[in-house]
Structures are given as structure tokens and as C-alpha cells.
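Shown next: input-v4.cif, containing mmCIF, N, CA, C and O atoms.
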data_run
loop_
_atom_site.label_atom_id
_atom_site.label_comp_id
_atom_site.auth_asym_id
_atom_site.auth_seq_id
_atom_site.Cartn_x
_atom_site.Cartn_y
_atom_site.Cartn_z
N ASP P 53 179.30 33.68 31.48
CA ASP P 53 180.03 34.79 30.88
C ASP P 53 181.17 34.32 29.97
O ASP P 53 181.62 35.08 29.13
N LYS P 54 181.61 33.08 30.14
CA LYS P 54 182.74 32.60 29.33
C LYS P 54 182.37 32.46 27.86
O LYS P 54 183.25 32.34 27.02
N TYR P 55 181.08 32.47 27.54
CA TYR P 55 180.66 32.35 26.14
C TYR P 55 180.24 33.69 25.53
O TYR P 55 180.06 33.79 24.33
N VAL P 56 180.06 34.71 26.36
CA VAL P 56 179.57 36.01 25.89
C VAL P 56 180.61 36.68 25.01
O VAL P 56 181.80 36.67 25.30
N GLY P 57 180.14 37.24 23.90
CA GLY P 57 181.04 37.97 23.00
C GLY P 57 180.51 37.98 21.58
O GLY P 57 179.41 37.50 21.30
N VAL P 58 181.33 38.53 20.69
CA VAL P 58 180.99 38.59 19.27
C VAL P 58 181.88 37.58 18.55
O VAL P 58 183.11 37.59 18.71
N TYR P 59 181.26 36.70 17.79
CA TYR P 59 181.97 35.64 17.07
C TYR P 59 181.86 35.90 15.57
O TYR P 59 180.81 36.31 15.08
N SER P 60 182.96 35.64 14.87
CA SER P 60 182.94 35.85 13.42
C SER P 60 183.70 34.74 12.72
O SER P 60 184.49 34.01 13.32
N ASN P 61 183.42 34.61 11.43
CA ASN P 61 184.09 33.67 10.54
C ASN P 61 184.23 34.40 9.22
O ASN P 61 183.25 34.94 8.71
N PRO P 62 185.45 34.43 8.65
CA PRO P 62 185.65 35.18 7.41
C PRO P 62 184.77 34.70 6.25
O PRO P 62 184.50 35.46 5.33
N GLU P 63 184.28 33.48 6.32
CA GLU P 63 183.44 32.93 5.25
C GLU P 63 181.95 33.16 5.51
O GLU P 63 181.12 32.88 4.64
N ALA P 64 181.59 33.67 6.70
CA ALA P 64 180.19 33.87 7.04
C ALA P 64 179.78 35.32 6.76
O ALA P 64 180.56 36.24 7.01
N PRO P 65 178.56 35.51 6.27
CA PRO P 65 178.13 36.87 5.94
C PRO P 65 177.80 37.74 7.15
O PRO P 65 177.76 38.95 7.04
N VAL P 66 177.56 37.12 8.32
CA VAL P 66 177.21 37.90 9.51
C VAL P 66 178.03 37.44 10.71
O VAL P 66 178.54 36.33 10.75
N LYS P 67 178.13 38.35 11.68
CA LYS P 67 178.74 38.01 12.96
C LYS P 67 177.63 37.50 13.87
O LYS P 67 176.45 37.77 13.67
N PHE P 68 178.01 36.73 14.88
CA PHE P 68 177.07 36.12 15.80
C PHE P 68 177.38 36.65 17.20
O PHE P 68 178.49 36.47 17.68
N THR P 69 176.42 37.31 17.83
CA THR P 69 176.63 37.90 19.16
C THR P 69 175.95 37.04 20.22
O THR P 69 174.78 36.68 20.07
N ILE P 70 176.71 36.72 21.28
CA ILE P 70 176.17 35.98 22.41
C ILE P 70 176.13 36.94 23.60
O ILE P 70 177.14 37.56 23.94
N THR P 71 174.96 37.08 24.21
CA THR P 71 174.80 37.93 25.39
C THR P 71 174.18 37.11 26.51
O THR P 71 173.69 36.00 26.28
N ARG P 72 174.20 37.68 27.71
CA ARG P 72 173.60 36.99 28.87
C ARG P 72 172.72 37.97 29.61
O ARG P 72 173.09 39.12 29.83
N GLU P 73 171.56 37.49 29.99
CA GLU P 73 170.65 38.26 30.84
C GLU P 73 170.23 37.34 31.97
O GLU P 73 169.60 36.31 31.73
N ASP P 74 170.64 37.68 33.18
CA ASP P 74 170.46 36.81 34.34
C ASP P 74 171.12 35.46 34.04
O ASP P 74 172.28 35.42 33.72
N ALA P 75 170.36 34.36 34.08
CA ALA P 75 170.96 33.04 33.87
C ALA P 75 170.75 32.53 32.44
O ALA P 75 171.06 31.38 32.15
N THR P 76 170.25 33.39 31.55
CA THR P 76 169.93 32.96 30.20
C THR P 76 170.89 33.56 29.17
O THR P 76 171.14 34.75 29.19
N LEU P 77 171.41 32.69 28.30
CA LEU P 77 172.22 33.16 27.17
C LEU P 77 171.31 33.41 25.98
O LEU P 77 170.32 32.71 25.79
N PHE P 78 171.68 34.41 25.17
CA PHE P 78 170.94 34.74 23.96
C PHE P 78 171.89 34.75 22.78
O PHE P 78 173.04 35.20 22.90
N GLY P 79 171.42 34.26 21.64
CA GLY P 79 172.19 34.30 20.41
C GLY P 79 171.55 35.27 19.44
O GLY P 79 170.32 35.31 19.32
N GLN P 80 172.39 36.04 18.76
CA GLN P 80 171.88 37.04 17.81
C GLN P 80 172.73 37.04 16.55
O GLN P 80 173.83 37.58 16.54
N PRO P 81 172.25 36.43 15.47
CA PRO P 81 172.98 36.48 14.21
C PRO P 81 172.72 37.80 13.50
O PRO P 81 171.58 38.17 13.27
N GLY P 82 173.79 38.53 13.19
CA GLY P 82 173.66 39.79 12.47
C GLY P 82 172.76 40.77 13.19
O GLY P 82 172.89 40.99 14.38
N ASN P 83 171.80 41.35 12.46
CA ASN P 83 170.89 42.34 13.02
C ASN P 83 169.56 41.75 13.46
O ASN P 83 168.62 42.48 13.74
N GLU P 84 169.46 40.43 13.50
CA GLU P 84 168.22 39.79 13.94
C GLU P 84 168.00 40.00 15.43
O GLU P 84 168.92 40.37 16.16
N SER P 85 166.80 39.73 15.90
CA SER P 85 166.50 39.84 17.33
C SER P 85 167.19 38.72 18.09
O SER P 85 167.28 37.60 17.59
N PRO P 86 167.66 39.01 19.31
CA PRO P 86 168.28 37.95 20.12
C PRO P 86 167.25 36.87 20.46
O PRO P 86 166.09 37.16 20.72
N ALA P 87 167.70 35.62 20.45
CA ALA P 87 166.84 34.49 20.79
C ALA P 87 167.48 33.72 21.93
O ALA P 87 168.70 33.55 21.97
N PRO P 88 166.67 33.25 22.90
CA PRO P 88 167.24 32.51 24.03
C PRO P 88 167.83 31.19 23.58
O PRO P 88 167.31 30.52 22.68
N LEU P 89 168.95 30.82 24.20
CA LEU P 89 169.61 29.55 23.91
C LEU P 89 169.19 28.54 24.97
O LEU P 89 169.20 28.85 26.16
N GLU P 90 168.85 27.36 24.54
CA GLU P 90 168.45 26.29 25.46
C GLU P 90 169.64 25.35 25.65
O GLU P 90 170.14 24.78 24.68
N ALA P 91 170.09 25.20 26.88
CA ALA P 91 171.23 24.32 27.18
C ALA P 91 170.83 22.87 27.00
O ALA P 91 169.78 22.44 27.47
N THR P 92 171.68 22.10 26.29
CA THR P 92 171.44 20.67 26.10
C THR P 92 172.58 19.84 26.68
O THR P 92 172.47 18.64 26.80
N ALA P 93 173.71 20.49 27.00
CA ALA P 93 174.89 19.87 27.61
C ALA P 93 175.71 21.02 28.17
O ALA P 93 175.41 22.19 27.90
N PRO P 94 176.77 20.73 28.95
CA PRO P 94 177.54 21.81 29.56
C PRO P 94 178.05 22.88 28.58
O PRO P 94 178.13 24.05 28.94
N ASN P 95 178.37 22.53 27.36
CA ASN P 95 178.89 23.53 26.41
C ASN P 95 178.08 23.56 25.11
O ASN P 95 178.53 24.09 24.11
N LYS P 96 176.86 22.98 25.14
CA LYS P 96 176.02 22.93 23.94
C LYS P 96 174.67 23.58 24.20
O LYS P 96 174.07 23.40 25.26
N PHE P 97 174.22 24.31 23.19
CA PHE P 97 172.94 25.01 23.28
C PHE P 97 172.22 24.86 21.95
O PHE P 97 172.85 24.61 20.92
N GLN P 98 170.90 25.03 21.99
CA GLN P 98 170.16 24.97 20.74
C GLN P 98 169.26 26.19 20.60
O GLN P 98 168.87 26.80 21.59
N LEU P 99 168.98 26.52 19.35
CA LEU P 99 168.10 27.62 18.97
C LEU P 99 167.02 27.06 18.06
O LEU P 99 167.21 26.00 17.45
N ALA P 100 165.96 27.81 17.88
CA ALA P 100 164.95 27.50 16.87
C ALA P 100 164.45 26.06 16.97
O ALA P 100 164.39 25.35 15.97
N GLY P 101 164.14 25.63 18.18
CA GLY P 101 163.60 24.29 18.36
C GLY P 101 164.55 23.18 17.98
O GLY P 101 164.14 22.09 17.61
N GLY P 102 165.86 23.44 18.08
CA GLY P 102 166.86 22.42 17.80
C GLY P 102 167.37 22.42 16.38
O GLY P 102 168.24 21.62 16.04
N ARG P 103 166.86 23.30 15.54
CA ARG P 103 167.35 23.35 14.15
C ARG P 103 168.76 23.90 14.06
O ARG P 103 169.48 23.65 13.10
N VAL P 104 169.15 24.69 15.07
CA VAL P 104 170.50 25.25 15.11
C VAL P 104 171.13 24.85 16.45
O VAL P 104 170.51 25.03 17.50
N VAL P 105 172.34 24.29 16.41
CA VAL P 105 173.06 23.90 17.61
C VAL P 105 174.35 24.70 17.68
O VAL P 105 175.07 24.84 16.69
N LEU P 106 174.63 25.25 18.86
CA LEU P 106 175.86 25.98 19.10
C LEU P 106 176.67 25.20 20.12
O LEU P 106 176.16 24.87 21.20
N GLU P 107 177.92 24.91 19.79
CA GLU P 107 178.81 24.20 20.69
C GLU P 107 180.03 25.07 20.93
O GLU P 107 180.70 25.49 19.99
N PHE P 108 180.30 25.37 22.20
CA PHE P 108 181.38 26.30 22.56
C PHE P 108 182.62 25.57 23.04
O PHE P 108 182.54 24.56 23.73
N ASP P 109 183.77 26.12 22.69
CA ASP P 109 185.07 25.71 23.24
C ASP P 109 185.68 26.99 23.82
O ASP P 109 186.34 27.76 23.12
N ALA P 110 185.39 27.24 25.11
CA ALA P 110 185.81 28.49 25.75
C ALA P 110 187.32 28.63 25.77
O ALA P 110 187.84 29.74 25.64
N ALA P 111 188.05 27.53 25.92
CA ALA P 111 189.51 27.59 25.97
C ALA P 111 190.10 28.13 24.66
O ALA P 111 191.09 28.84 24.67
N LYS P 112 189.46 27.78 23.55
CA LYS P 112 189.93 28.24 22.24
C LYS P 112 189.23 29.52 21.78
O LYS P 112 189.60 30.09 20.76
N GLY P 113 188.19 29.94 22.53
CA GLY P 113 187.43 31.12 22.13
C GLY P 113 186.66 30.87 20.85
O GLY P 113 186.54 31.75 20.00
N GLN P 114 186.12 29.65 20.72
CA GLN P 114 185.42 29.30 19.49
C GLN P 114 184.00 28.82 19.76
O GLN P 114 183.69 28.32 20.84
N MET P 115 183.18 28.97 18.74
CA MET P 115 181.81 28.49 18.76
C MET P 115 181.56 27.78 17.44
O MET P 115 181.83 28.34 16.38
N MET P 116 181.08 26.53 17.51
CA MET P 116 180.73 25.82 16.29
C MET P 116 179.22 25.92 16.11
O MET P 116 178.46 25.58 17.01
N LEU P 117 178.81 26.41 14.95
CA LEU P 117 177.41 26.52 14.60
C LEU P 117 177.07 25.36 13.69
O LEU P 117 177.73 25.15 12.67
N LYS P 118 176.07 24.57 14.09
CA LYS P 118 175.68 23.40 13.31
C LYS P 118 174.23 23.54 12.88
O LYS P 118 173.36 23.81 13.72
N ARG P 119 174.01 23.38 11.60
CA ARG P 119 172.67 23.34 11.01
C ARG P 119 172.63 22.16 10.07
O ARG P 119 173.68 21.65 9.69
N VAL P 120 171.48 21.77 9.66
CA VAL P 120 171.37 20.64 8.73
C VAL P 120 172.24 20.93 7.51
O VAL P 120 172.10 21.95 6.86
N GLY P 121 173.21 20.04 7.28
CA GLY P 121 174.06 20.19 6.11
C GLY P 121 175.18 21.20 6.23
O GLY P 121 175.89 21.46 5.26
N MET P 122 175.38 21.81 7.41
CA MET P 122 176.42 22.82 7.55
C MET P 122 177.00 22.84 8.96
O MET P 122 176.27 22.73 9.94
N GLU P 123 178.31 22.96 9.03
CA GLU P 123 179.01 23.22 10.30
C GLU P 123 180.01 24.33 10.02
O GLU P 123 180.73 24.28 9.01
N ARG P 124 180.04 25.32 10.88
CA ARG P 124 180.97 26.43 10.68
C ARG P 124 181.53 26.86 12.03
O ARG P 124 180.77 27.02 12.99
N VAL P 125 182.84 27.06 12.11
CA VAL P 125 183.48 27.50 13.35
C VAL P 125 183.64 29.01 13.33
O VAL P 125 184.17 29.58 12.37
N PHE P 126 183.16 29.65 14.39
CA PHE P 126 183.29 31.09 14.58
C PHE P 126 184.29 31.32 15.72
O PHE P 126 184.30 30.57 16.69
N THR P 127 185.09 32.36 15.60
CA THR P 127 186.08 32.69 16.63
C THR P 127 185.67 34.00 17.32
O THR P 127 185.26 34.95 16.65
N ARG P 128 185.79 33.99 18.65
CA ARG P 128 185.42 35.19 19.42
C ARG P 128 186.42 36.30 19.11
O ARG P 128 187.62 36.10 19.13
N GLU P 129 185.87 37.48 18.84
CA GLU P 129 186.72 38.65 18.55
C GLU P 129 187.26 39.20 19.86
O GLU P 129 186.61 39.11 20.90
N LYS P 130 188.44 39.76 19.80
CA LYS P 130 189.08 40.31 20.99
C LYS P 130 188.44 41.62 21.39
O LYS P 130 188.01 42.38 20.61
#
Would you mind writing the structure in this file as C-alpha cells?
Amino acid sequence: DKYVGVYSNPEAPVKFTITREDATLFGQPGNESPAPLEATAPNKFQLAGGRVVLEFDAAKGQMMLKRVGMERVFTREK
């Protein structure tokens, strides 16, 4: 639950929503369908077969989204 919420970045065109169903976290960029996140480390998850990596810093309320050639920090909205 410490990662669940809506994350945004003023430079990003969409917000990123993290939800939980039972023991599985889901990531949902904008209006796309939620996709299950696969844990790869205590605070790291991957989507789309590893093409997208999400790294959380719960203390700062931040999520770093990493894709080939791009890293962007999203902040959880209050």
C-alpha cells in the first residue's frame, strides 16, 4: 500500500496510477488498462516484459519511471 496512489510530473503528458489487488500491484498510465507490475527488487518493478522499470522511494513519495533513453521522476499527489 505504500506505493499506491496517483503520480504526476509537470513535464509528463499523463498521470500514472498505482493500484493494488490482493498481493499484486498494477500500473496504469493515463487512460490505458492497468497492467500487473512484476517485482524485481524490494522497491523495483517492471512492466511490459522489462521495457519499463518503476523504482519507488516511499519516504519521498516518488516513483522513477525508466525506459530506454528516458528517466522521469513522478511525485505522488496528496
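The nearest approach to Val66 of chain P among the residues P:Ala91, P:Lys54, P:Asn83, P:Val120, with only C-alpha atoms taken into account, belongs to P:Asn83.
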Selection under test: the PyMOL selection byres (((chain P and resi 81 and name CA) around 8) and name CA); residues as a ChimeraX atom specification: /P:66-69,79-80,82-86
Backbone-only DSSP, strand (DSSP E) members of chain P, as a PyMOL selection string: chain P and resi 57-60+68-73+76-81+87-88+90-93+96-99+104-109+114-119+122-128
Answer key for the PyMOL selection byres (((chain P and resi 104 and name CA) around 12) and name CA), residues as a PyMOL selection string: chain P and resi 79+81+87-90+92+96-103+105-107+116-124
Length of the atom CA of Val125 of chain P to atom O of Ser60 of chain P vector [Å]: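 Taking atom CA of Val125 of chain P and atom O of Ser60 of chain P, their separation equals 6.6 Å.
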Distance of atom N of Lys130 of chain P from atom CA of Ala64 of chain P, expressed in Å to one decimal place: 16.3 Å
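One finds atom CA of Asp74 of chain P at 24.5 Å from atom CA of Lys112 of chain P.
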Assuming 5 Å of padding per side, give the centre and edge lengths of the axis-aligned box around every listed atom of segment 77-94 of chain P, in Å to one decimal and as JSON.
{"center_x": 172.1, "center_y": 30.6, "center_z": 21.0, "size_x": 22.0, "size_y": 33.8, "size_z": 27.1}
